[in-house]
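Structure file structure04.pdb with PDB, C-alpha atoms:
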```
ATOM      1  CA  MET A   1      16.303 -38.431 -51.846
ATOM      2  CA  VAL A   2      13.433 -37.568 -49.541
ATOM      3  CA  VAL A   3      15.503 -37.886 -46.349
ATOM      4  CA  THR A   4      16.289 -34.336 -45.300
ATOM      5  CA  VAL A   5      18.736 -33.103 -42.684
ATOM      6  CA  ASP A   6      15.810 -32.711 -40.267
ATOM      7  CA  VAL A   7      15.285 -36.473 -40.193
ATOM      8  CA  LYS A   8      17.226 -37.834 -37.262
ATOM      9  CA  LEU A   9      19.048 -40.967 -38.324
ATOM     10  CA  PRO A  10      20.924 -42.938 -35.705
ATOM     11  CA  GLU A  11      24.700 -42.813 -35.803
ATOM     12  CA  ASP A  12      26.598 -45.727 -37.249
ATOM     13  CA  SER A  13      28.083 -46.498 -33.853
ATOM     14  CA  GLU A  14      24.565 -46.977 -32.459
ATOM     15  CA  LEU A  15      23.713 -49.347 -35.277
ATOM     16  CA  THR A  16      26.821 -51.471 -35.265
ATOM     17  CA  VAL A  17      26.466 -54.675 -33.309
ATOM     18  CA  GLN A  18      27.746 -58.150 -33.909
ATOM     19  CA  GLU A  19      25.484 -59.579 -36.597
ATOM     20  CA  VAL A  20      24.374 -63.160 -36.941
ATOM     21  CA  ASP A  21      26.628 -64.447 -39.676
ATOM     22  CA  LEU A  22      24.939 -67.740 -40.471
ATOM     23  CA  SER A  23      23.646 -69.368 -43.607
ATOM     24  CA  ALA A  24      19.968 -69.807 -44.432
ATOM     25  CA  ALA A  25      20.137 -73.557 -43.896
ATOM     26  CA  THR A  26      21.578 -73.064 -40.420
ATOM     27  CA  LEU A  27      18.925 -70.528 -39.524
ATOM     28  CA  PHE A  28      16.149 -72.769 -40.803
ATOM     29  CA  ALA A  29      17.541 -75.731 -38.917
ATOM     30  CA  GLY A  30      17.641 -73.739 -35.700
ATOM     31  CA  SER A  31      14.484 -71.736 -36.341
ATOM     32  CA  PHE A  32      12.032 -73.530 -34.079
ATOM     33  CA  HIS A  33      14.196 -73.660 -30.992
ATOM     34  CA  LEU A  34      15.441 -70.153 -31.708
ATOM     35  CA  GLY A  35      11.899 -68.819 -31.894
ATOM     36  CA  LYS A  36      11.048 -70.511 -28.627
ATOM     37  CA  TYR A  37      14.221 -69.361 -26.888
ATOM     38  CA  CYS A  38      13.899 -65.723 -28.004
ATOM     39  CA  GLU A  39      10.124 -65.578 -27.982
ATOM     40  CA  HIS A  40       9.821 -62.584 -25.680
ATOM     41  CA  ALA A  41      12.462 -60.509 -27.455
ATOM     42  CA  ASN A  42      11.010 -61.371 -30.860
ATOM     43  CA  ASN A  43       7.473 -60.505 -29.810
ATOM     44  CA  GLU A  44       8.620 -57.261 -28.259
ATOM     45  CA  PHE A  45      10.492 -56.258 -31.417
ATOM     46  CA  MET A  46       7.777 -57.257 -33.862
ATOM     47  CA  LEU A  47       5.089 -55.510 -31.821
ATOM     48  CA  CYS A  48       7.198 -52.355 -31.709
ATOM     49  CA  ARG A  49       7.933 -52.570 -35.406
ATOM     50  CA  MET A  50       4.310 -53.094 -36.392
ATOM     51  CA  GLU A  51       2.962 -50.445 -34.034
ATOM     52  CA  GLU A  52       5.478 -47.722 -34.725
ATOM     53  CA  GLN A  53       6.009 -48.437 -38.442
ATOM     54  CA  ASP A  54       9.400 -46.793 -38.124
ATOM     55  CA  PRO A  55      12.708 -48.659 -38.024
ATOM     56  CA  ARG A  56      14.380 -45.875 -36.032
ATOM     57  CA  LYS A  57      12.179 -46.381 -32.989
ATOM     58  CA  CYS A  58      12.869 -50.088 -32.576
ATOM     59  CA  ILE A  59      16.667 -50.132 -32.755
ATOM     60  CA  ASN A  60      17.107 -51.192 -29.150
ATOM     61  CA  GLU A  61      14.511 -53.952 -29.396
ATOM     62  CA  GLY A  62      16.234 -55.138 -32.555
ATOM     63  CA  LYS A  63      19.583 -55.225 -30.795
ATOM     64  CA  VAL A  64      18.038 -57.351 -28.069
ATOM     65  CA  VAL A  65      16.732 -59.741 -30.723
ATOM     66  CA  THR A  66      20.141 -60.063 -32.369
ATOM     67  CA  ALA A  67      21.888 -60.504 -29.027
ATOM     68  CA  CYS A  68      19.404 -63.204 -28.053
ATOM     69  CA  THR A  69      19.939 -64.988 -31.372
ATOM     70  CA  MET A  70      23.710 -64.875 -30.909
ATOM     71  CA  ASP A  71      23.292 -66.188 -27.390
ATOM     72  CA  PHE A  72      21.113 -69.036 -28.599
ATOM     73  CA  PHE A  73      23.514 -70.155 -31.286
ATOM     74  CA  ARG A  74      26.452 -69.926 -28.887
ATOM     75  CA  LYS A  75      24.622 -72.218 -26.518
ATOM     76  CA  VAL A  76      23.805 -74.633 -29.327
ATOM     77  CA  LYS A  77      27.437 -74.598 -30.372
ATOM     78  CA  LYS A  78      28.512 -75.453 -26.877
ATOM     79  CA  ALA A  79      25.930 -78.155 -26.199
ATOM     80  CA  CYS A  80      24.780 -79.837 -29.417
ATOM     81  CA  LEU A  81      27.213 -78.817 -32.130
ATOM     82  CA  SER A  82      27.569 -82.151 -33.941
ATOM     83  CA  GLU A  83      23.835 -82.918 -33.833
ATOM     84  CA  PHE A  84      23.009 -79.437 -35.041
ATOM     85  CA  ASN A  85      25.572 -79.520 -37.815
ATOM     86  CA  GLN A  86      24.260 -82.873 -38.978
ATOM     87  CA  TYR A  87      20.720 -81.517 -39.087
ATOM     88  CA  ALA A  88      21.707 -78.248 -40.795
ATOM     89  CA  ASN A  89      23.700 -80.179 -43.372
ATOM     90  CA  CYS A  90      20.662 -82.325 -44.102
ATOM     91  CA  VAL A  91      18.395 -79.262 -44.400
ATOM     92  CA  ASP A  92      20.915 -77.622 -46.693
ATOM     93  CA  LYS A  93      21.364 -80.513 -49.082
ATOM     94  CA  SER A  94      18.048 -82.377 -49.131
ATOM     95  CA  SER A  95      15.907 -79.853 -50.977
ATOM     96  CA  GLY A  96      16.016 -76.603 -52.845
ATOM     97  CA  ASP A  97      14.022 -74.592 -50.340
ATOM     98  CA  PHE A  98      15.494 -75.734 -47.016
ATOM     99  CA  SER A  99      12.459 -77.885 -46.423
ATOM    100  CA  LEU A 100      12.424 -79.521 -43.013
ATOM    101  CA  THR A 101      10.328 -82.457 -44.234
ATOM    102  CA  GLN A 102      13.229 -84.455 -45.552
ATOM    103  CA  CYS A 103      15.224 -84.460 -42.322
ATOM    104  CA  ARG A 104      13.075 -86.048 -39.642
ATOM    105  CA  LYS A 105      15.717 -88.508 -38.473
ATOM    106  CA  THR A 106      18.470 -85.964 -37.914
ATOM    107  CA  GLN A 107      15.857 -83.620 -36.493
ATOM    108  CA  GLY A 108      14.907 -86.224 -33.913
ATOM    109  CA  VAL A 109      18.542 -86.539 -32.782
ATOM    110  CA  TYR A 110      18.913 -82.764 -32.596
ATOM    111  CA  ASP A 111      15.613 -82.254 -30.738
ATOM    112  CA  LYS A 112      16.570 -84.891 -28.209
ATOM    113  CA  CYS A 113      19.907 -83.232 -27.544
ATOM    114  CA  MET A 114      18.301 -79.789 -27.191
ATOM    115  CA  LEU A 115      15.726 -81.124 -24.779
ATOM    116  CA  GLU A 116      18.272 -82.947 -22.656
ATOM    117  CA  LYS A 117      21.060 -80.383 -22.533
ATOM    118  CA  LEU A 118      19.385 -77.003 -22.952
ATOM    119  CA  ASN A 119      15.874 -77.974 -21.885
ATOM    120  CA  ILE A 120      14.256 -76.336 -24.910
ATOM    121  CA  GLU A 121      11.394 -78.322 -26.329
ATOM    122  CA  ARG A 122      10.612 -78.083 -30.024
ATOM    123  CA  PRO A 123       7.298 -76.260 -30.452
ATOM    124  CA  ALA A 124       4.486 -77.758 -32.521
ATOM    125  CA  PHE A 125       4.756 -77.327 -36.271
ATOM    126  CA  GLY A 126       2.372 -74.367 -36.458
ATOM    127  CA  TYR A 127       3.424 -72.634 -33.260
ATOM    128  CA  PHE A 128       4.799 -69.477 -34.851
ATOM    129  CA  CYS A 129       1.851 -69.141 -37.218
ATOM    130  CA  GLU A 130      -0.561 -68.776 -34.338
ATOM    131  CA  ALA A 131      -1.751 -65.395 -33.191
ATOM    132  CA  ARG A 132       0.031 -64.335 -30.023
ATOM    133  CA  VAL A 133      -0.866 -61.938 -27.257
ATOM    134  CA  HIS A 134       2.125 -60.043 -25.959
ATOM    135  CA  ASP A 135       2.182 -57.961 -22.813
ATOM    136  CA  THR A 136       4.651 -55.109 -23.095
ATOM    137  CA  LYS A 137       5.776 -52.198 -20.954
ATOM    138  CA  ARG A 138       6.353 -49.969 -23.960
ATOM    139  CA  PRO A 139       3.589 -47.356 -24.164
ATOM    140  CA  LYS A 140       1.266 -47.632 -27.089
ATOM    141  CA  PRO A 141       1.869 -44.978 -29.738
ATOM    142  CA  PRO A 142      -0.910 -42.405 -29.827
ATOM    143  CA  VAL A 143      -3.587 -43.123 -32.370
ATOM    144  CA  GLU A 144      -3.860 -40.465 -35.005
ATOM    145  CA  PRO A 145      -7.182 -38.665 -34.468
ATOM    146  CA  LYS A 146      -9.681 -38.633 -37.226
ATOM    147  CA  ALA A 147      -9.073 -35.687 -39.514
ATOM    148  CA  VAL A 148     -11.623 -32.903 -39.327
ATOM    149  CA  TYR A 149     -11.724 -30.656 -42.330
ATOM    150  CA  PRO A 150     -13.186 -27.140 -42.384
ATOM    151  CA  ASP A 151     -15.808 -26.225 -44.895
ATOM    152  CA  ALA A 152     -14.795 -26.083 -48.494
ATOM    153  CA  THR A 153     -12.334 -23.343 -49.290
ATOM    154  CA  PRO A 154     -14.053 -20.431 -51.027
ATOM    155  CA  ALA A 155     -12.990 -19.994 -54.610
ATOM    156  CA  LEU A 156     -10.320 -17.446 -55.477
ATOM    157  CA  PRO A 157     -11.582 -14.042 -56.591
ATOM    158  CA  GLU A 158     -11.767 -13.402 -60.292
ATOM    159  CA  ASP A 159      -9.201 -10.612 -60.280
ATOM    160  CA  ARG A 160      -6.546 -12.653 -58.522
ATOM    161  CA  GLU A 161      -2.932 -12.245 -59.419
ATOM    162  CA  LYS A 162      -1.994 -14.830 -62.024
ATOM    163  CA  VAL A 163       1.640 -15.762 -61.635
ATOM    164  CA  PRO A 164       3.364 -18.152 -64.004
ATOM    165  CA  ALA A 165       3.845 -21.714 -62.775
ATOM    166  CA  ARG A 166       6.930 -22.039 -60.611
ATOM    167  CA  PHE A 167       8.284 -25.218 -62.151
ATOM    168  CA  GLY A 168       6.920 -24.703 -65.657
ATOM    169  CA  SER A 169       4.110 -26.613 -67.256
ATOM    170  CA  ARG A 170       3.884 -30.348 -67.004
ATOM    171  CA  PHE A 171       2.995 -30.251 -70.698
ATOM    172  CA  TYR A 172       6.246 -28.515 -71.532
ATOM    173  CA  TRP A 173       6.572 -30.176 -74.905
ATOM    174  CA  MET A 174       3.223 -28.705 -75.957
ATOM    175  CA  THR A 175       3.586 -25.168 -74.653
ATOM    176  CA  GLU A 176       7.207 -24.333 -75.213
TER     177      GLU A 176
ATOM    178  CA  MET B   1      -4.606-102.538-144.434
ATOM    179  CA  ALA B   2      -8.088-104.020-144.563
ATOM    180  CA  ASP B   3      -6.833-107.303-143.024
ATOM    181  CA  ALA B   4      -5.512-105.528-139.998
ATOM    182  CA  CYS B   5      -8.976-104.252-139.217
ATOM    183  CA  GLN B   6     -10.538-107.747-139.117
ATOM    184  CA  VAL B   7      -9.561-108.433-135.438
ATOM    185  CA  VAL B   8     -12.362-109.820-133.271
ATOM    186  CA  ARG B   9     -13.077-107.131-130.688
ATOM    187  CA  LYS B  10     -14.114-108.154-127.172
ATOM    188  CA  GLN B  11     -16.730-106.094-125.413
ATOM    189  CA  ASP B  12     -15.971-104.987-121.820
ATOM    190  CA  LEU B  13     -18.597-106.749-119.708
ATOM    191  CA  PRO B  14     -19.205-107.555-115.974
ATOM    192  CA  PRO B  15     -17.403-110.662-114.694
ATOM    193  CA  PRO B  16     -19.339-113.882-114.872
ATOM    194  CA  GLY B  17     -21.876-113.926-112.078
ATOM    195  CA  GLY B  18     -22.033-110.166-111.893
ATOM    196  CA  TYR B  19     -20.211-107.641-109.689
ATOM    197  CA  LYS B  20     -19.790-108.234-105.960
ATOM    198  CA  PRO B  21     -22.187-106.320-103.730
ATOM    199  CA  ILE B  22     -20.858-102.951-102.504
ATOM    200  CA  PRO B  23     -19.831-103.271 -98.788
ATOM    201  CA  TYR B  24     -21.770-100.419 -97.326
ATOM    202  CA  LYS B  25     -22.538-102.009 -93.952
ATOM    203  CA  ARG B  26     -21.000-100.330 -90.843
ATOM    204  CA  LEU B  27     -18.411-102.344 -88.946
ATOM    205  CA  PRO B  28     -18.086-100.731 -85.488
ATOM    206  CA  ALA B  29     -14.998-101.358 -83.330
ATOM    207  CA  LYS B  30     -15.255-103.933 -80.643
ATOM    208  CA  GLN B  31     -16.733-102.504 -77.443
ATOM    209  CA  TYR B  32     -15.119-103.616 -74.213
ATOM    210  CA  PHE B  33     -17.278-101.539 -71.858
ATOM    211  CA  SER B  34     -20.789-100.318 -71.955
ATOM    212  CA  GLY B  35     -21.557 -96.677 -71.342
ATOM    213  CA  TYR B  36     -22.752 -97.272 -67.803
ATOM    214  CA  ALA B  37     -19.614 -99.247 -66.985
ATOM    215  CA  MET B  38     -17.452 -96.405 -68.271
ATOM    216  CA  ILE B  39     -19.289 -93.824 -66.155
ATOM    217  CA  ALA B  40     -18.983 -96.078 -63.132
ATOM    218  CA  GLY B  41     -15.284 -96.549 -63.847
ATOM    219  CA  TYR B  42     -14.771 -92.817 -64.141
ATOM    220  CA  LEU B  43     -16.478 -92.201 -60.822
ATOM    221  CA  GLY B  44     -14.557 -95.012 -59.160
ATOM    222  CA  ILE B  45     -11.141 -93.876 -60.399
ATOM    223  CA  THR B  46     -11.925 -90.258 -59.440
ATOM    224  CA  ALA B  47     -12.971 -91.304 -55.951
ATOM    225  CA  ALA B  48      -9.839 -93.387 -55.474
ATOM    226  CA  GLY B  49      -7.671 -90.543 -56.756
ATOM    227  CA  LEU B  50      -9.302 -88.034 -54.460
ATOM    228  CA  TYR B  51      -8.748 -90.321 -51.516
ATOM    229  CA  ILE B  52      -5.029 -90.663 -52.280
ATOM    230  CA  TYR B  53      -4.841 -86.917 -52.907
ATOM    231  CA  SER B  54      -6.431 -86.183 -49.555
ATOM    232  CA  LEU B  55      -3.845 -88.346 -47.825
ATOM    233  CA  ASN B  56      -1.054 -86.297 -49.404
ATOM    234  CA  TYR B  57      -2.872 -82.987 -49.092
ATOM    235  CA  LYS B  58      -2.840 -83.082 -45.313
ATOM    236  CA  LYS B  59       0.871 -83.818 -45.241
ATOM    237  CA  ILE B  60       1.690 -81.091 -47.748
ATOM    238  CA  LYS B  61      -0.394 -78.500 -45.894
ATOM    239  CA  ARG B  62       1.295 -79.506 -42.668
ATOM    240  CA  ASP B  63       4.714 -79.071 -44.226
ATOM    241  CA  GLU B  64       3.751 -75.705 -45.669
ATOM    242  CA  ILE B  65       2.614 -74.506 -42.264
ATOM    243  CA  GLU B  66       5.828 -75.793 -40.745
ATOM    244  CA  MET B  67       7.951 -73.908 -43.264
ATOM    245  CA  ARG B  68       5.923 -70.742 -42.741
ATOM    246  CA  SER B  69       6.356 -71.182 -39.031
ATOM    247  CA  ALA B  70      10.115 -71.564 -39.399
ATOM    248  CA  LYS B  71      10.282 -68.432 -41.517
ATOM    249  CA  MET B  72       8.267 -66.440 -39.016
ATOM    250  CA  ALA B  73      10.540 -67.615 -36.218
ATOM    251  CA  ILE B  74      13.652 -66.179 -37.860
ATOM    252  CA  TYR B  75      11.945 -63.143 -39.390
ATOM    253  CA  PRO B  76      12.428 -60.784 -36.381
ATOM    254  CA  MET B  77      16.171 -61.409 -36.405
ATOM    255  CA  LEU B  78      16.409 -60.801 -40.155
ATOM    256  CA  LEU B  79      14.241 -57.691 -39.911
ATOM    257  CA  ALA B  80      16.331 -56.247 -37.075
ATOM    258  CA  GLU B  81      19.480 -56.779 -39.084
ATOM    259  CA  ARG B  82      17.884 -55.311 -42.200
ATOM    260  CA  ASP B  83      16.653 -52.227 -40.313
ATOM    261  CA  ARG B  84      20.095 -51.408 -39.007
ATOM    262  CA  GLU B  85      21.696 -51.761 -42.414
ATOM    263  CA  TYR B  86      18.867 -49.775 -44.013
ATOM    264  CA  LEU B  87      19.347 -46.836 -41.664
ATOM    265  CA  LYS B  88      23.092 -46.937 -42.230
ATOM    266  CA  GLN B  89      22.505 -46.837 -45.970
ATOM    267  CA  LEU B  90      20.097 -43.905 -45.675
ATOM    268  CA  ARG B  91      22.800 -41.964 -43.863
ATOM    269  CA  ARG B  92      25.328 -42.920 -46.533
ATOM    270  CA  ASN B  93      22.936 -41.767 -49.252
ATOM    271  CA  ARG B  94      22.293 -38.472 -47.523
ATOM    272  CA  ASP B  95      26.006 -37.836 -47.060
ATOM    273  CA  ALA B  96      26.646 -38.760 -50.682
ATOM    274  CA  GLU B  97      23.988 -36.338 -51.853
ATOM    275  CA  ALA B  98      25.408 -33.538 -49.704
ATOM    276  CA  GLU B  99      28.872 -34.227 -51.113
ATOM    277  CA  LEU B 100      27.590 -34.382 -54.698
ATOM    278  CA  MET B 101      25.507 -31.194 -54.560
ATOM    279  CA  LYS B 102      27.766 -29.035 -52.403
ATOM    280  CA  ASP B 103      28.673 -26.763 -55.326
ATOM    281  CA  VAL B 104      25.064 -26.080 -56.297
ATOM    282  CA  PRO B 105      23.897 -22.853 -54.636
ATOM    283  CA  GLY B 106      20.567 -23.079 -52.855
ATOM    284  CA  TRP B 107      20.438 -26.868 -52.864
ATOM    285  CA  GLU B 108      19.277 -28.480 -49.655
ATOM    286  CA  VAL B 109      19.640 -32.207 -49.195
ATOM    287  CA  GLY B 110      16.383 -34.138 -49.459
ATOM    288  CA  THR B 111      14.502 -31.174 -50.945
ATOM    289  CA  TYR B 112      14.184 -29.450 -54.285
ATOM    290  CA  TYR B 113      16.011 -26.167 -53.638
ATOM    291  CA  GLY B 114      14.496 -26.001 -50.175
ATOM    292  CA  GLU B 115      11.045 -27.226 -51.085
ATOM    293  CA  ARG B 116      10.152 -30.449 -49.336
ATOM    294  CA  VAL B 117       8.663 -33.334 -51.271
ATOM    295  CA  TYR B 118       6.123 -34.270 -48.606
ATOM    296  CA  GLN B 119       4.418 -31.235 -47.131
ATOM    297  CA  ASN B 120       1.938 -32.838 -44.775
ATOM    298  CA  VAL B 121       4.200 -35.083 -42.720
ATOM    299  CA  PRO B 122       6.219 -33.759 -39.786
ATOM    300  CA  ALA B 123       9.781 -32.693 -40.589
ATOM    301  CA  ASP B 124      11.219 -35.533 -38.532
ATOM    302  CA  ALA B 125       9.108 -38.276 -40.125
ATOM    303  CA  LEU B 126      11.056 -40.925 -41.978
ATOM    304  CA  VAL B 127       9.584 -41.381 -45.446
ATOM    305  CA  GLU B 128      11.150 -44.422 -47.003
ATOM    306  CA  PRO B 129      12.670 -43.452 -50.352
ATOM    307  CA  ILE B 130      11.608 -45.310 -53.439
ATOM    308  CA  PHE B 131      13.804 -48.031 -54.863
ATOM    309  CA  HIS B 132      15.572 -45.950 -57.525
ATOM    310  CA  GLU B 133      16.301 -43.130 -55.114
ATOM    311  CA  TYR B 134      17.676 -45.573 -52.606
ATOM    312  CA  TYR B 135      20.144 -46.868 -55.187
ATOM    313  CA  ALA B 136      20.829 -43.451 -56.754
ATOM    314  CA  HIS B 137      24.336 -43.161 -55.324
ATOM    315  CA  ALA B 138      25.183 -46.847 -55.449
ATOM    316  CA  ASP B 139      27.087 -48.798 -58.039
ATOM    317  CA  PRO B 140      24.749 -49.455 -61.014
ATOM    318  CA  ARG B 141      25.740 -53.091 -60.848
ATOM    319  CA  GLU B 142      24.315 -53.339 -57.371
ATOM    320  CA  TRP B 143      21.130 -51.719 -58.620
ATOM    321  CA  ILE B 144      20.848 -54.215 -61.483
ATOM    322  CA  ARG B 145      21.567 -57.108 -59.165
ATOM    323  CA  ARG B 146      18.868 -56.014 -56.743
ATOM    324  CA  THR B 147      16.389 -55.365 -59.561
ATOM    325  CA  TYR B 148      17.006 -58.797 -60.982
ATOM    326  CA  LEU B 149      16.498 -60.358 -57.577
ATOM    327  CA  LYS B 150      13.299 -58.392 -57.123
ATOM    328  CA  LEU B 151      11.969 -59.459 -60.496
ATOM    329  CA  ARG B 152      12.751 -63.087 -59.804
ATOM    330  CA  SER B 153      11.271 -63.201 -56.319
TER     331      SER B 153
END
```
Write the structure described by the file as structure tokens, please.
Amino acid sequence: MVVTVDVKLPEDSELTVQEVDLSAATLFAGSFHLGKYCEHANNEFMLCRMEEQDPRKCINEGKVVTACTMDFFRKVKKACLSEFNQYANCVDKSSGDFSLTQCRKTQGVYDKCMLEKLNIERPAFGYFCEARVHDTKRPKPPVEPKAVYPDATPALPEDREKVPARFGSRFYWMTE
Amino acid sequence: MADACQVVRKQDLPPPGGYKPIPYKRLPAKQYFSGYAMIAGYLGITAAGLYIYSLNYKKIKRDEIEMRSAKMAIYPMLLAERDREYLKQLRRNRDAEAELMKDVPGWEVGTYYGERVYQNVPADALVEPIFHEYYAHADPREWIRRTYLKLRS
């Protein structure tokens, strides 16, 4: 594998947090309110992830995202459990791809409960597809400067030492 | 013998009144519409169909955007979870390789006898291993399962 001992990987204890152990239907049913509730944490994590392009550097942001998601679902469980379960059940069983189209009635009941008890309004249908501007305190990673190459390397002298190839020929079946 | 040959023979002739005329005249099928009416009908049906399609098209596009939106809302959580498990697995792979190759003199983990695969990246940079390397120390069944999932998705 290409991961050498020089590559610092976080310890398992740093990476172990309580994970969100929920089914796809449940996540889809809660997705809109979840995205609204955890918008800041999600934006922070996704910006970090896209800017750094390295999963090791965004562990803490990711933990915040997971903690926020857990918090959200705990609140839903406390406030609107039956409405949410009804909606998630509908999303699970009405289509093959967890489509939300089929479940407008149960969705209406669930949205009403969320608005009344947790004061989270359901965002418009395309809210999370829109481009977002996020203001963060994390410093921007330095931009890699444009590579400057010296002039072409002069050719090797004619009487250079000619050592055999270290790993053999790539045409080993022809030469051996 | 001679008597037998005295039969009156009848010559094969046309029926009285002659043969019937040969029916060579074309009998086209009955035409319900003229050409212009058919073109007009085609245009009319197409226009009506497009109108009904446009009514559905808006709804379907709306639903697609909604589903994409829902996916993007839960994506950060899934990605965070995936990243943690991925890094854990990289550590497991590295430990497994160290354990496997401990008896080979000169072998350094992640390199070919001390020679690094990627020369131009910093030593600390995380280069994501390719799929087969990632599953090199795993159960082959897991590898097949993941490959199958990849091919189907």
Selection in question (the file shown): the PyMOL selection byres ((chain B) within 7 of (chain A)). Which residues does it include, as a compact mmCIF listing (two decimals) with C-alpha atoms, keeping the file's coordinate frame?
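Output below, filename part-v8.txt:
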```txt
# COMPACT_ATOMS: atom_id res chain seq x y z
CA ASP B 63 4.71 -79.07 -44.23
CA ILE B 65 2.61 -74.51 -42.26
CA GLU B 66 5.83 -75.79 -40.74
CA MET B 67 7.95 -73.91 -43.26
CA SER B 69 6.36 -71.18 -39.03
CA ALA B 70 10.12 -71.56 -39.40
CA MET B 72 8.27 -66.44 -39.02
CA ALA B 73 10.54 -67.61 -36.22
CA ILE B 74 13.65 -66.18 -37.86
CA PRO B 76 12.43 -60.78 -36.38
CA MET B 77 16.17 -61.41 -36.40
CA ALA B 80 16.33 -56.25 -37.08
CA ASP B 83 16.65 -52.23 -40.31
CA ARG B 84 20.10 -51.41 -39.01
CA LEU B 87 19.35 -46.84 -41.66
CA LYS B 88 23.09 -46.94 -42.23
CA ARG B 91 22.80 -41.96 -43.86
CA ARG B 94 22.29 -38.47 -47.52
CA VAL B 109 19.64 -32.21 -49.20
CA GLY B 110 16.38 -34.14 -49.46
CA THR B 111 14.50 -31.17 -50.94
CA VAL B 117 8.66 -33.33 -51.27
CA ALA B 123 9.78 -32.69 -40.59
CA ASP B 124 11.22 -35.53 -38.53
CA ALA B 125 9.11 -38.28 -40.12
CA LEU B 126 11.06 -40.92 -41.98
CA VAL B 127 9.58 -41.38 -45.45
CA PRO B 129 12.67 -43.45 -50.35
CA GLU B 133 16.30 -43.13 -55.11
```
Find, counting all atoms listed in the file, the residue in A:Ala88, A:His40, A:Phe167, A:Asn119 that gets nearest to A:Arg104.
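Of A:Ala88, A:His40, A:Phe167, A:Asn119, the one nearest A:Arg104, counting all atoms listed in the file, is A:Ala88.
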What residues come out when you apply the PyMOL selection byres ((chain A and resi 139) around 12) to this file, written as a ChimeraX atom specification?
/A:44,47-48,51-52,135-138,140-143
Expected file contents, prior selection, C-alpha atoms, as an mmCIF file, keeping the file's coordinate frame:
```
data_model
loop_
_atom_site.group_PDB
_atom_site.id
_atom_site.type_symbol
_atom_site.label_atom_id
_atom_site.label_comp_id
_atom_site.auth_asym_id
_atom_site.auth_seq_id
_atom_site.Cartn_x
_atom_site.Cartn_y
_atom_site.Cartn_z
ATOM 1 C CA GLU A 44 8.620 -57.261 -28.259
ATOM 2 C CA LEU A 47 5.089 -55.510 -31.821
ATOM 3 C CA CYS A 48 7.198 -52.355 -31.709
ATOM 4 C CA GLU A 51 2.962 -50.445 -34.034
ATOM 5 C CA GLU A 52 5.478 -47.722 -34.725
ATOM 6 C CA ASP A 135 2.182 -57.961 -22.813
ATOM 7 C CA THR A 136 4.651 -55.109 -23.095
ATOM 8 C CA LYS A 137 5.776 -52.198 -20.954
ATOM 9 C CA ARG A 138 6.353 -49.969 -23.960
ATOM 10 C CA LYS A 140 1.266 -47.632 -27.089
ATOM 11 C CA PRO A 141 1.869 -44.978 -29.738
ATOM 12 C CA PRO A 142 -0.910 -42.405 -29.827
ATOM 13 C CA VAL A 143 -3.587 -43.123 -32.370
#
```
Point-to-point distance in Å for atom CA of B:Leu90 and atom CA of B:His137
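Straight-line distance from atom CA of B:His137 to atom CA of B:Leu90 works out to 10.6 Å.
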Point-to-point distance in Å for atom CA of A:Lys77 and atom CA of A:Ser23
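Interatomic distance here is 14.7 Å.
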Once the PyMOL selection byres ((chain A and resi 118) around 10) is applied to the coordinates I shared, what remains selected? I want it as a PyMOL selection string.
chain A and resi 72+75-76+79-80+112-117+119-121
What is the distance, in Å and to one decimal place, between atom CA of B:Lys71 and atom CA of A:Ser94?
17.7 Å
Given all atoms listed in the file as the counted atoms, nearest of A:Tyr110, A:Lys105, A:Pro123, A:Leu22 to A:Ser82
A:Tyr110
Axis-aligned box for all listed atoms of stretch 7-20 of chain A, 5 Å per side, centre and edges in Å to one decimal, as lines of an AutoDock Vina configuration file:
```
center_x = 21.7
center_y = -49.8
center_z = -36.3
size_x = 22.8
size_y = 36.7
size_z = 17.7
```
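Here the question is which of A:Lys57, A:Thr106, A:His134, A:Lys146 gets nearest to A:Val91 using only C-alpha atoms, and that residue is A:Thr106.
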